[in-house]
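Below is work-v4.cif, which holds mmCIF, C-alpha atoms.
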```
data_target
loop_
_atom_site.label_atom_id
_atom_site.label_comp_id
_atom_site.auth_asym_id
_atom_site.auth_seq_id
_atom_site.Cartn_x
_atom_site.Cartn_y
_atom_site.Cartn_z
CA MET A 48 30.02 -38.84 13.42
CA HIS A 49 29.50 -42.40 14.63
CA PRO A 50 26.72 -42.45 17.22
CA TYR A 51 26.76 -46.26 17.16
CA ILE A 52 29.28 -48.99 16.44
CA ARG A 53 28.80 -52.73 16.03
CA ILE A 54 30.48 -55.02 18.53
CA PHE A 55 29.83 -58.74 18.04
CA GLY A 56 26.87 -57.89 15.86
CA ARG A 57 25.18 -55.62 18.46
CA LEU A 58 24.72 -51.85 18.08
CA ILE A 59 26.47 -50.04 20.96
CA GLY A 60 26.16 -46.29 21.60
CA THR A 61 29.61 -44.68 21.38
CA TYR A 62 28.69 -41.94 23.89
CA GLY A 63 28.02 -44.42 26.69
CA LEU A 64 30.99 -46.55 25.67
CA CYS A 65 33.44 -43.62 25.84
CA MET A 66 31.99 -42.42 29.16
CA MET A 67 32.39 -45.85 30.78
CA ILE A 68 35.91 -46.31 29.35
CA GLY A 69 36.80 -42.92 30.87
CA VAL A 70 35.31 -43.82 34.27
CA MET A 71 36.98 -47.25 34.34
CA LEU A 72 40.41 -45.90 33.34
CA ALA A 73 40.18 -43.10 35.91
CA ALA A 74 39.16 -45.60 38.62
CA PHE A 75 42.00 -48.01 37.69
CA LEU A 76 44.65 -45.29 37.73
CA SER A 77 43.24 -43.85 40.99
CA ILE A 78 43.53 -47.24 42.69
CA ARG A 79 47.09 -47.66 41.39
CA ARG A 80 48.10 -44.20 42.61
CA GLY A 81 46.27 -44.82 45.87
CA LYS A 82 48.47 -47.88 46.54
CA LYS A 83 51.60 -45.70 46.21
CA LEU A 84 50.10 -43.07 48.55
CA GLY A 85 48.92 -45.62 51.12
CA VAL A 86 45.18 -45.28 50.38
CA ALA A 87 43.17 -48.52 50.52
CA GLN A 88 41.64 -49.79 47.28
CA GLU A 89 38.29 -50.36 49.01
CA ASP A 90 38.12 -46.73 50.21
CA ILE A 91 38.71 -45.45 46.66
CA LEU A 92 36.03 -47.81 45.30
CA ILE A 93 33.46 -46.65 47.87
CA VAL A 94 34.17 -42.95 47.28
CA ALA A 95 34.33 -43.34 43.47
CA ALA A 96 31.09 -45.37 43.27
CA SER A 97 29.23 -42.84 45.47
CA ALA A 98 30.63 -39.97 43.43
CA VAL A 99 29.62 -41.53 40.08
CA GLY A 100 26.14 -42.39 41.37
CA LEU A 101 25.35 -38.89 42.64
CA ALA A 102 27.08 -37.35 39.60
CA LEU A 103 24.62 -39.10 37.28
CA ILE A 104 21.63 -38.08 39.40
CA CYS A 105 22.64 -34.41 39.77
CA GLY A 106 23.78 -34.15 36.14
CA SER A 107 20.39 -35.43 35.01
CA LEU A 108 18.48 -33.15 37.42
CA LEU A 109 20.38 -30.06 36.23
CA TYR A 110 19.61 -31.00 32.62
CA ILE A 111 15.89 -31.26 33.45
CA PHE A 112 15.82 -27.86 35.22
CA VAL A 113 17.71 -26.17 32.37
CA THR A 114 15.61 -27.74 29.61
CA TYR A 115 12.07 -27.66 31.00
CA PRO A 116 10.34 -24.59 32.51
CA PHE A 117 9.05 -25.20 36.03
CA SER A 118 5.43 -24.81 34.90
CA THR A 119 5.92 -27.52 32.23
CA LEU A 120 7.35 -29.92 34.80
CA ILE A 121 4.43 -29.30 37.18
CA ALA A 122 1.96 -29.83 34.33
CA MET A 123 3.65 -33.13 33.38
CA ILE A 124 3.56 -34.37 36.98
CA LYS A 125 -0.10 -33.38 37.46
CA SER A 126 -1.25 -34.97 34.19
CA GLY A 127 1.04 -38.01 34.46
CA ASP A 128 1.85 -37.54 30.76
CA PHE A 129 5.61 -37.89 30.23
CA ALA A 130 5.48 -38.72 26.52
CA SER A 131 7.37 -35.52 25.61
CA PHE A 132 9.90 -35.88 28.44
CA ARG A 133 13.54 -36.39 27.40
CA GLY A 134 16.50 -36.93 29.71
CA GLY A 135 20.07 -35.68 29.48
CA ILE A 136 23.18 -34.91 31.53
CA VAL A 137 25.02 -31.62 32.19
CA PHE A 138 28.69 -32.00 33.22
CA TYR A 139 28.60 -29.30 35.89
CA GLY A 140 25.62 -30.96 37.55
CA GLY A 141 27.65 -34.15 37.47
CA LEU A 142 30.71 -32.44 38.95
CA ILE A 143 28.80 -30.91 41.85
CA GLY A 144 26.94 -34.20 42.41
CA GLY A 145 30.26 -36.05 42.23
CA ILE A 146 31.76 -33.89 44.98
CA LEU A 147 28.68 -34.44 47.18
CA GLY A 148 28.86 -38.17 46.42
CA ALA A 149 32.54 -38.24 47.34
CA ILE A 150 31.76 -36.60 50.70
CA LEU A 151 29.03 -39.21 51.30
CA GLY A 152 31.38 -42.02 50.23
CA SER A 153 34.08 -40.83 52.61
CA ARG A 154 31.51 -40.96 55.47
CA ILE A 155 30.54 -44.53 54.49
CA ALA A 156 34.19 -45.63 54.25
CA LYS A 157 35.06 -43.71 57.46
CA VAL A 158 38.05 -41.95 55.85
CA ARG A 159 38.92 -38.29 55.42
CA LEU A 160 38.07 -36.98 51.95
CA SER A 161 41.36 -35.07 51.90
CA ASP A 162 43.21 -38.42 52.09
CA ILE A 163 41.43 -39.65 48.93
CA VAL A 164 41.83 -36.42 46.91
CA PRO A 165 45.50 -36.85 45.80
CA ALA A 166 44.73 -40.38 44.49
CA VAL A 167 41.49 -39.61 42.63
CA VAL A 168 41.29 -35.94 41.56
CA PRO A 169 44.17 -35.97 38.98
CA PHE A 170 42.32 -38.64 36.96
CA VAL A 171 38.90 -36.95 36.92
CA PRO A 172 39.94 -34.71 33.99
CA LEU A 173 41.44 -37.77 32.25
CA GLY A 174 38.10 -39.61 32.42
CA HIS A 175 36.34 -36.43 31.31
CA ALA A 176 38.69 -36.10 28.32
CA ILE A 177 37.75 -39.59 27.09
CA GLY A 178 34.06 -38.89 27.71
CA ARG A 179 34.23 -35.78 25.52
CA VAL A 180 35.45 -37.94 22.63
CA GLY A 181 32.12 -39.72 23.04
CA CYS A 182 30.36 -36.38 22.55
CA VAL A 183 32.20 -35.93 19.24
CA MET A 184 31.33 -39.46 18.13
CA ALA A 185 27.64 -39.06 19.01
CA GLY A 186 27.35 -35.52 17.65
CA CYS A 187 25.08 -34.69 20.60
CA CYS A 188 26.79 -31.36 21.30
CA HIS A 189 29.02 -29.37 18.99
CA GLY A 190 30.98 -26.19 18.36
CA MET A 191 29.93 -23.09 16.43
CA GLU A 192 29.82 -23.14 12.64
CA TYR A 193 33.39 -22.99 11.37
CA ASP A 194 35.22 -23.92 8.18
CA GLY A 195 38.86 -23.40 9.16
CA ILE A 196 41.58 -25.87 10.10
CA PHE A 197 40.49 -28.94 12.12
CA ALA A 198 36.79 -28.24 11.41
CA LEU A 199 34.60 -31.26 12.15
CA HIS A 200 31.88 -32.56 9.85
CA TYR A 201 29.06 -34.77 11.08
CA PRO A 202 27.85 -37.12 8.32
CA GLN A 203 25.81 -38.87 11.03
CA SER A 204 24.74 -37.09 14.19
CA MET A 205 21.98 -37.36 16.72
CA LEU A 206 21.06 -33.71 16.10
CA GLY A 207 20.64 -34.18 12.34
CA LEU A 208 23.38 -31.62 11.63
CA ASN A 209 24.10 -30.56 8.06
CA PRO A 210 26.90 -32.90 6.90
CA GLU A 211 28.25 -30.21 4.54
CA GLN A 212 28.73 -27.67 7.37
CA GLY A 213 31.96 -27.61 9.36
CA TYR A 214 31.91 -27.05 13.15
CA PHE A 215 34.57 -25.86 15.59
CA PRO A 216 36.14 -28.88 17.36
CA VAL A 217 35.29 -27.49 20.81
CA GLN A 218 34.81 -30.92 22.42
CA LEU A 219 38.20 -32.16 21.17
CA LEU A 220 39.79 -28.93 22.43
CA GLU A 221 38.14 -29.49 25.82
CA SER A 222 39.53 -33.06 25.83
CA LEU A 223 43.00 -31.70 25.14
CA MET A 224 42.69 -29.08 27.91
CA ASN A 225 41.49 -31.78 30.33
CA LEU A 226 44.63 -33.81 29.55
CA VAL A 227 46.73 -30.70 30.26
CA ILE A 228 44.90 -30.23 33.59
CA CYS A 229 45.54 -33.90 34.47
CA GLY A 230 49.25 -33.46 33.74
CA ALA A 231 49.42 -30.20 35.69
CA LEU A 232 47.76 -31.74 38.76
CA LEU A 233 50.17 -34.70 38.73
CA PHE A 234 53.16 -32.37 38.23
CA LEU A 235 52.09 -30.03 41.03
CA ALA A 236 50.92 -32.81 43.40
CA LYS A 237 53.83 -32.53 45.83
CA ARG A 238 53.70 -28.72 45.83
CA PHE A 239 50.23 -28.36 47.36
CA ARG A 240 50.36 -27.31 50.98
CA ARG A 241 47.22 -29.32 51.83
CA ASN A 242 45.71 -32.33 50.02
CA ILE A 243 42.38 -30.55 49.51
CA ASP A 244 44.17 -27.74 47.62
CA MET A 245 44.45 -30.14 44.67
CA LEU A 246 40.63 -30.25 44.43
CA PHE A 247 40.39 -26.44 44.56
CA ALA A 248 43.12 -26.19 41.90
CA TYR A 249 41.22 -28.59 39.62
CA LEU A 250 37.97 -26.65 40.06
CA SER A 251 39.70 -23.35 39.23
CA MET A 252 41.55 -24.70 36.18
CA TYR A 253 38.54 -26.49 34.70
CA ALA A 254 36.17 -23.60 35.41
CA LEU A 255 38.47 -21.14 33.60
CA THR A 256 38.83 -23.54 30.65
CA ARG A 257 35.10 -24.10 30.41
CA PHE A 258 34.27 -20.38 30.68
CA ILE A 259 36.42 -19.64 27.62
CA LEU A 260 35.33 -22.69 25.60
CA GLU A 261 31.65 -21.80 26.07
CA TYR A 262 32.17 -19.00 23.55
CA PHE A 263 33.03 -21.60 20.92
CA ARG A 264 30.03 -23.87 21.47
CA GLY A 265 27.17 -23.85 18.96
CA ASP A 266 24.37 -25.79 20.71
CA GLU A 267 21.92 -23.07 21.70
CA ALA A 268 19.59 -25.33 23.71
CA ARG A 269 21.76 -24.75 26.81
CA GLY A 270 20.18 -21.44 27.85
CA ILE A 271 21.63 -17.92 28.13
CA TYR A 272 21.05 -15.81 31.29
CA LEU A 273 21.91 -12.10 31.03
CA CYS A 274 25.13 -12.22 28.97
CA PHE A 275 26.49 -15.61 30.01
CA SER A 276 25.40 -19.22 29.54
CA LEU A 277 24.47 -21.25 32.61
CA SER A 278 27.80 -23.09 32.39
CA GLN A 279 29.67 -19.78 32.39
CA TRP A 280 27.83 -18.62 35.51
CA ILE A 281 28.68 -21.93 37.22
CA SER A 282 32.31 -21.50 36.05
CA ILE A 283 32.47 -18.06 37.68
CA GLY A 284 31.14 -19.53 40.93
CA LEU A 285 33.61 -22.45 40.86
CA MET A 286 36.57 -20.16 40.08
CA ILE A 287 35.68 -18.08 43.16
CA VAL A 288 35.33 -21.24 45.30
CA GLY A 289 38.62 -22.63 43.98
CA VAL A 290 40.66 -19.47 44.50
CA LEU A 291 39.16 -18.76 47.94
CA GLY A 292 39.66 -22.39 48.96
CA ILE A 293 43.39 -22.13 48.30
CA CYS A 294 44.01 -18.52 49.40
CA LEU A 295 41.75 -18.06 52.46
CA PRO A 296 43.62 -20.47 54.78
CA LYS A 297 46.92 -18.83 53.72
CA CYS A 298 45.54 -15.34 54.49
CA LYS A 299 44.19 -16.50 57.88
CA LYS A 300 47.60 -17.98 58.71
CA ASN A 301 49.40 -14.75 57.76
CA VAL A 302 47.00 -12.67 59.88
CA THR A 303 47.48 -15.00 62.88
CA GLU A 304 51.28 -14.75 62.54
CA MET B 251 26.83 -57.58 53.28
CA ALA B 252 29.00 -59.67 50.93
CA ALA B 253 25.98 -61.79 49.99
CA ALA B 254 23.93 -58.64 49.37
CA SER B 255 26.59 -57.29 47.03
CA LEU B 256 26.62 -60.63 45.16
CA VAL B 257 22.85 -60.51 44.73
CA LEU B 258 22.87 -56.86 43.67
CA GLY B 259 25.65 -57.58 41.16
CA LEU B 260 23.61 -60.39 39.60
CA VAL B 261 20.48 -58.23 39.55
CA SER B 262 22.29 -55.32 37.86
CA LEU B 263 23.69 -57.72 35.23
CA VAL B 264 20.24 -59.08 34.45
CA LEU B 265 18.42 -55.73 34.69
CA GLY B 266 21.10 -54.08 32.56
CA ILE B 267 19.80 -55.77 29.45
CA TRP B 268 16.19 -54.55 29.81
CA VAL B 269 16.08 -51.61 32.24
CA PRO B 270 19.57 -50.07 32.52
CA TYR B 271 18.33 -46.99 34.42
CA ILE B 272 17.38 -49.33 37.32
CA GLY B 273 20.36 -51.67 36.89
CA LEU B 274 22.82 -48.77 37.10
CA PRO B 275 22.04 -47.60 40.67
CA VAL B 276 21.69 -51.25 41.77
CA GLY B 277 25.19 -51.99 40.45
CA ILE B 278 26.64 -48.89 42.12
CA VAL B 279 25.15 -49.87 45.50
CA GLY B 280 26.54 -53.40 44.93
CA ILE B 281 30.05 -51.98 44.44
CA ILE B 282 29.80 -49.95 47.66
CA LEU B 283 28.51 -52.92 49.70
CA ALA B 284 31.20 -55.22 48.27
CA ALA B 285 33.97 -52.73 49.07
CA VAL B 286 32.66 -52.24 52.64
CA ALA B 287 32.50 -56.05 53.06
CA LYS B 288 36.09 -56.42 51.78
CA LYS B 289 37.23 -53.75 54.25
CA LYS B 290 35.72 -55.85 57.03
CA GLY B 291 37.73 -58.88 55.87
CA MET B 292 35.04 -60.86 53.96
CA LYS B 293 37.01 -61.96 50.90
CA GLY B 294 35.37 -64.62 48.67
CA PRO B 295 31.73 -63.57 48.21
CA ALA B 296 32.70 -59.88 48.49
CA THR B 297 35.17 -60.21 45.61
CA ALA B 298 32.59 -62.07 43.51
CA GLY B 299 29.98 -59.41 44.34
CA LEU B 300 32.44 -56.65 43.43
CA VAL B 301 33.27 -58.19 40.05
CA LEU B 302 29.60 -58.80 39.15
CA SER B 303 28.57 -55.32 40.30
CA ILE B 304 31.35 -53.67 38.29
CA ILE B 305 30.41 -55.62 35.14
CA GLY B 306 26.70 -54.88 35.68
CA THR B 307 27.39 -51.18 36.30
CA VAL B 308 29.56 -50.85 33.19
CA LEU B 309 26.97 -52.64 31.03
CA CYS B 310 24.10 -50.55 32.40
CA GLY B 311 26.19 -47.40 32.11
CA ILE B 312 26.89 -47.97 28.42
CA LEU B 313 23.23 -48.70 27.65
CA TYR B 314 21.75 -45.96 29.89
CA LEU B 315 24.12 -43.20 28.76
CA ALA B 316 23.62 -44.12 25.09
CA CYS B 317 19.84 -43.80 25.59
CA VAL B 318 20.21 -40.49 27.45
CA ALA B 319 22.41 -39.04 24.68
CA CYS B 320 19.88 -40.07 22.03
CA ALA B 321 16.98 -38.60 23.98
CA ALA B 322 18.77 -35.32 24.74
CA ALA B 323 19.89 -34.90 21.15
CA GLY B 324 16.39 -35.67 19.92
CA ALA B 325 14.91 -33.02 22.20
CA ALA B 326 17.50 -30.44 21.13
CA ALA B 327 16.93 -31.22 17.45
CA SER B 328 13.16 -30.82 17.77
CA SER B 329 13.46 -27.59 19.80
CA SER B 330 15.89 -26.05 17.31
CA LEU B 331 13.29 -26.33 14.55
CA PHE B 332 11.25 -23.51 16.19
#
```
Produce structure tokens that represent the structure in this file.
Amino acid sequence: MHPYIRIFGRLIGTYGLCMMIGVMLAAFLSIRRGKKLGVAQEDILIVAASAVGLALICGSLLYIFVTYPFSTLIAMIKSGDFASFRGGIVFYGGLIGGILGAILGSRIAKVRLSDIVPAVVPFVPLGHAIGRVGCVMAGCCHGMEYDGIFALHYPQSMLGLNPEQGYFPVQLLESLMNLVICGALLFLAKRFRRNIDMLFAYLSMYALTRFILEYFRGDEARGIYLCFSLSQWISIGLMIVGVLGICLPKCKKNVTE
Amino acid sequence: MAAASLVLGLVSLVLGIWVPYIGLPVGIVGIILAAVAKKKGMKGPATAGLVLSIIGTVLCGILYLACVACAAAGAAASSSLF
């Protein structure tokens, strides 16, 4: 739609702008919530910065491994010719990298990750929701062809999409679902038995959402393995991790009693 | 540590204009060092380093992510022709 906008006469990419607005808003709200919960601002900054840093690295690495066959990568490295190399980011790579970065950040700050989770995790889907608006603006990923209600048209897109063709607003729907997840996590915050359960709940809710929404995406470059896309396979894994993370300690406690 | 964060913040601000994919990790490390310095009670330079690092990181993030989106979309567009 609008891959670029002009601010003070300079062309600014809307994708990057939306992503950074999302990250900054999530960080601001996390720090504010952290104050109420007794978590130091500096600890949240250290954990958030580590998480964002590793999220970008892992998201980029996953994109490379999904897009380029291993033999092509080896050939590029041996020849030193990277002219055809293009970068990108996959959200799930970013999510997994973000969790690893948060663990690293908690070690640097010398705090328990479970103390940071209630302040930060509810706003991760909020930041993600704003970032997905950037995807719509840039037209870098899109839904399947669709001409019903709320269909999106891309008069300008980075993929050179047909401006006459309508597409399913899957990214806007994902934004909306992320806002619902944010609200649900804040509403249920006091009901979690352990702080870390909030992280497992977020993983389960987002993984289920993403698994379903994958059927409405139209960008085939993502790769299909057996009958599911890579993101759907990762969603299945994260749903299992999320559910086991919440239920296993409960089962162990019941068995002990 | 506070001085290091100040330097890294300045570097990420300057690098952000020309090489955002280097300025971005520099800014992130600057934020971490500034926050650790603030935790240890170093206020003035740590706060300045934190502010510069955040501005540098945001600037580099906008420029780097815009480039990445363009490149990824370009690759997808060219691969979908075949």
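CA of Leu256 in chain B sits 18.6 Å away from CA of Gly311 in chain B.
Put simply, the PyMOL selection byres ((chain B and resi 312) around 10) on this file hits Ile59, Gly60, Thr61, Tyr62, Gly63, Leu64, Cys65, Met66, Met67 and Ile68 of chain A; Gly266, Pro270, Leu274, Thr307, Val308, Leu309, Cys310, Gly311, Leu313, Tyr314, Leu315, Ala316 and Cys317 of chain B.
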Selection dump of the PyMOL selection byres ((chain B and resi 283) around 9), as a PyMOL selection string: (chain A and resi 93) or (chain B and resi 251-252+254-255+278-282+284-288+296+299-300)
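Counting only C-alpha atoms, the residue from A:Val94, A:Ala122, A:Leu226, A:Met191 that sits nearest to Arg154 in chain A is A:Val94.
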Could you write out as number ranges by chain the residues that the PyMOL selection byres ((chain A and resi 174) around 6) matches in the shown file? A: 69-70, 73, 171-173, 175-177
Shortest interatomic distance to Cys182 in chain A - which of A:Ile136, A:Val168, A:Met123, A:Leu151, counting all atoms listed in the file: A:Ile136
Which one of A:Met252, A:Leu160, A:Pro202, A:Tyr214 sits closest to Gly230 in chain A if you count all atoms listed in the file? A:Met252
Find the residues near Phe75 in chain A: any atom within 10 Å, counting only C-alpha atoms, skip ones fewer than 4 places away on the same chain, and give them as an NGL selection string. :A and (69-71 or 79-81 or 88 or 91-92 or 167 or 170)
Expressed in Å, the length from CA of Leu58 in chain A to CA of Ile267 in chain B is 13.0 Å
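CA of Ala102 in chain A is positioned 16.3 Å from CA of Leu285 in chain A.
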Would you list the contacts of Leu84 in chain A as a PyMOL selection string, taking every protein, DNA or RNA residue within 10 Å and counting only C-alpha atoms, but skipping same-chain residues closer than 2 positions in sequence? chain A and resi 78-82+86-87+162-163+165-166
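Remark: residues at most 9 Å from position (35.9, -32.6, 10.2) in file coordinates are Asp194, Ile196, Phe197, Ala198, Leu199, His200, Tyr201, Gly213, Tyr214, Phe215 and Pro216 of chain A, using all atoms listed in the file.
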Where does range 189-223 of chain A meet range 256-262 of chain A within 9 Å, residue by residue, with the nearest atom pair and distance in Å to one decimal for each, counting only C-alpha atoms, listed by chain and rising number, as a Markdown table?
```
| residue | atom | partner | partner_atom | distance |
| --- | --- | --- | --- | --- |
| A:Gly190 | CA | A:Glu261 | CA | 8.9 |
| A:Met191 | CA | A:Tyr262 | CA | 8.5 |
| A:Val217 | CA | A:Leu260 | CA | 6.8 |
| A:Gln218 | CA | A:Leu260 | CA | 8.8 |
| A:Leu220 | CA | A:Leu260 | CA | 8.3 |
| A:Glu221 | CA | A:Leu260 | CA | 7.4 |
```
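Taking all atoms listed in the file into account, Ile143 in chain A lies nearest to A:Ser282 out of the set A:Lys157, A:Gly181, A:Ser282, A:Ser126.
If you measure from each of A:Lys83, A:Arg53, A:Arg179, A:Lys237 to Asn225 in chain A using only C-alpha atoms, the closest one turns out to be A:Arg179.
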Rebuild range 260-270 of chain B to all heavy atoms - output it as an mmCIF file, in the coordinates of the input, please.
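Once everything was written out, this is rebuild_0.cif:
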```
data_model
loop_
_atom_site.group_PDB
_atom_site.id
_atom_site.type_symbol
_atom_site.label_atom_id
_atom_site.label_comp_id
_atom_site.auth_asym_id
_atom_site.auth_seq_id
_atom_site.Cartn_x
_atom_site.Cartn_y
_atom_site.Cartn_z
ATOM 1 N N LEU B 260 24.356 -59.530 40.532
ATOM 2 C CA LEU B 260 23.610 -60.390 39.600
ATOM 3 C C LEU B 260 22.384 -59.649 39.055
ATOM 4 O O LEU B 260 22.085 -59.709 37.864
ATOM 5 C CB LEU B 260 23.138 -61.658 40.312
ATOM 6 C CG LEU B 260 24.186 -62.779 40.426
ATOM 7 C CD1 LEU B 260 23.713 -63.843 41.398
ATOM 8 C CD2 LEU B 260 24.449 -63.389 39.053
ATOM 9 N N VAL B 261 21.696 -58.957 39.953
ATOM 10 C CA VAL B 261 20.480 -58.230 39.550
ATOM 11 C C VAL B 261 20.834 -57.140 38.536
ATOM 12 O O VAL B 261 20.143 -56.967 37.524
ATOM 13 C CB VAL B 261 19.784 -57.624 40.793
ATOM 14 C CG1 VAL B 261 18.694 -56.644 40.394
ATOM 15 C CG2 VAL B 261 19.189 -58.739 41.651
ATOM 16 N N SER B 262 21.929 -56.413 38.778
ATOM 17 C CA SER B 262 22.290 -55.320 37.860
ATOM 18 C C SER B 262 22.691 -55.891 36.501
ATOM 19 O O SER B 262 22.419 -55.291 35.458
ATOM 20 C CB SER B 262 23.403 -54.447 38.432
ATOM 21 O OG SER B 262 24.635 -55.112 38.383
ATOM 22 N N LEU B 263 23.319 -57.080 36.493
ATOM 23 C CA LEU B 263 23.690 -57.720 35.230
ATOM 24 C C LEU B 263 22.448 -58.090 34.433
ATOM 25 O O LEU B 263 22.372 -57.875 33.227
ATOM 26 C CB LEU B 263 24.478 -59.005 35.505
ATOM 27 C CG LEU B 263 25.987 -58.947 35.320
ATOM 28 C CD1 LEU B 263 26.608 -60.283 35.650
ATOM 29 C CD2 LEU B 263 26.360 -58.534 33.912
ATOM 30 N N VAL B 264 21.468 -58.646 35.129
ATOM 31 C CA VAL B 264 20.240 -59.080 34.450
ATOM 32 C C VAL B 264 19.409 -57.864 34.039
ATOM 33 O O VAL B 264 18.954 -57.740 32.910
ATOM 34 C CB VAL B 264 19.419 -60.014 35.374
ATOM 35 C CG1 VAL B 264 18.051 -60.274 34.811
ATOM 36 C CG2 VAL B 264 20.175 -61.321 35.600
ATOM 37 N N LEU B 265 19.229 -56.922 34.979
ATOM 38 C CA LEU B 265 18.420 -55.730 34.690
ATOM 39 C C LEU B 265 19.058 -54.881 33.605
ATOM 40 O O LEU B 265 18.366 -54.196 32.849
ATOM 41 C CB LEU B 265 18.251 -54.876 35.945
ATOM 42 C CG LEU B 265 17.219 -55.335 36.968
ATOM 43 C CD1 LEU B 265 17.175 -54.360 38.134
ATOM 44 C CD2 LEU B 265 15.841 -55.456 36.347
ATOM 45 N N GLY B 266 20.400 -54.933 33.511
ATOM 46 C CA GLY B 266 21.100 -54.080 32.560
ATOM 47 C C GLY B 266 20.640 -54.272 31.128
ATOM 48 O O GLY B 266 20.661 -53.358 30.319
ATOM 49 N N ILE B 267 20.207 -55.494 30.828
ATOM 50 C CA ILE B 267 19.800 -55.770 29.450
ATOM 51 C C ILE B 267 18.464 -55.093 29.136
ATOM 52 O O ILE B 267 18.251 -54.584 28.034
ATOM 53 C CB ILE B 267 19.701 -57.304 29.236
ATOM 54 C CG1 ILE B 267 21.065 -57.947 29.511
ATOM 55 C CG2 ILE B 267 19.242 -57.630 27.830
ATOM 56 C CD1 ILE B 267 21.033 -59.429 29.683
ATOM 57 N N TRP B 268 17.530 -55.063 30.086
ATOM 58 C CA TRP B 268 16.190 -54.550 29.810
ATOM 59 C C TRP B 268 15.928 -53.148 30.377
ATOM 60 O O TRP B 268 15.291 -52.345 29.727
ATOM 61 C CB TRP B 268 15.131 -55.521 30.342
ATOM 62 C CG TRP B 268 15.076 -56.765 29.531
ATOM 63 C CD1 TRP B 268 14.550 -56.915 28.273
ATOM 64 C CD2 TRP B 268 15.580 -58.051 29.901
ATOM 65 N NE1 TRP B 268 14.720 -58.214 27.841
ATOM 66 C CE2 TRP B 268 15.337 -58.934 28.813
ATOM 67 C CE3 TRP B 268 16.217 -58.559 31.041
ATOM 68 C CZ2 TRP B 268 15.702 -60.278 28.838
ATOM 69 C CZ3 TRP B 268 16.585 -59.884 31.060
ATOM 70 C CH2 TRP B 268 16.321 -60.728 29.971
ATOM 71 N N VAL B 269 16.344 -52.913 31.620
ATOM 72 C CA VAL B 269 16.080 -51.610 32.240
ATOM 73 C C VAL B 269 17.364 -51.055 32.851
ATOM 74 O O VAL B 269 17.547 -51.089 34.063
ATOM 75 C CB VAL B 269 14.960 -51.700 33.324
ATOM 76 C CG1 VAL B 269 13.602 -51.589 32.720
ATOM 77 C CG2 VAL B 269 15.073 -52.978 34.144
ATOM 78 N N PRO B 270 18.275 -50.523 32.006
ATOM 79 C CA PRO B 270 19.570 -50.070 32.520
ATOM 80 C C PRO B 270 19.473 -48.934 33.525
ATOM 81 O O PRO B 270 20.342 -48.801 34.387
ATOM 82 C CB PRO B 270 20.327 -49.617 31.251
ATOM 83 C CG PRO B 270 19.294 -49.435 30.208
ATOM 84 C CD PRO B 270 18.179 -50.368 30.543
#
```
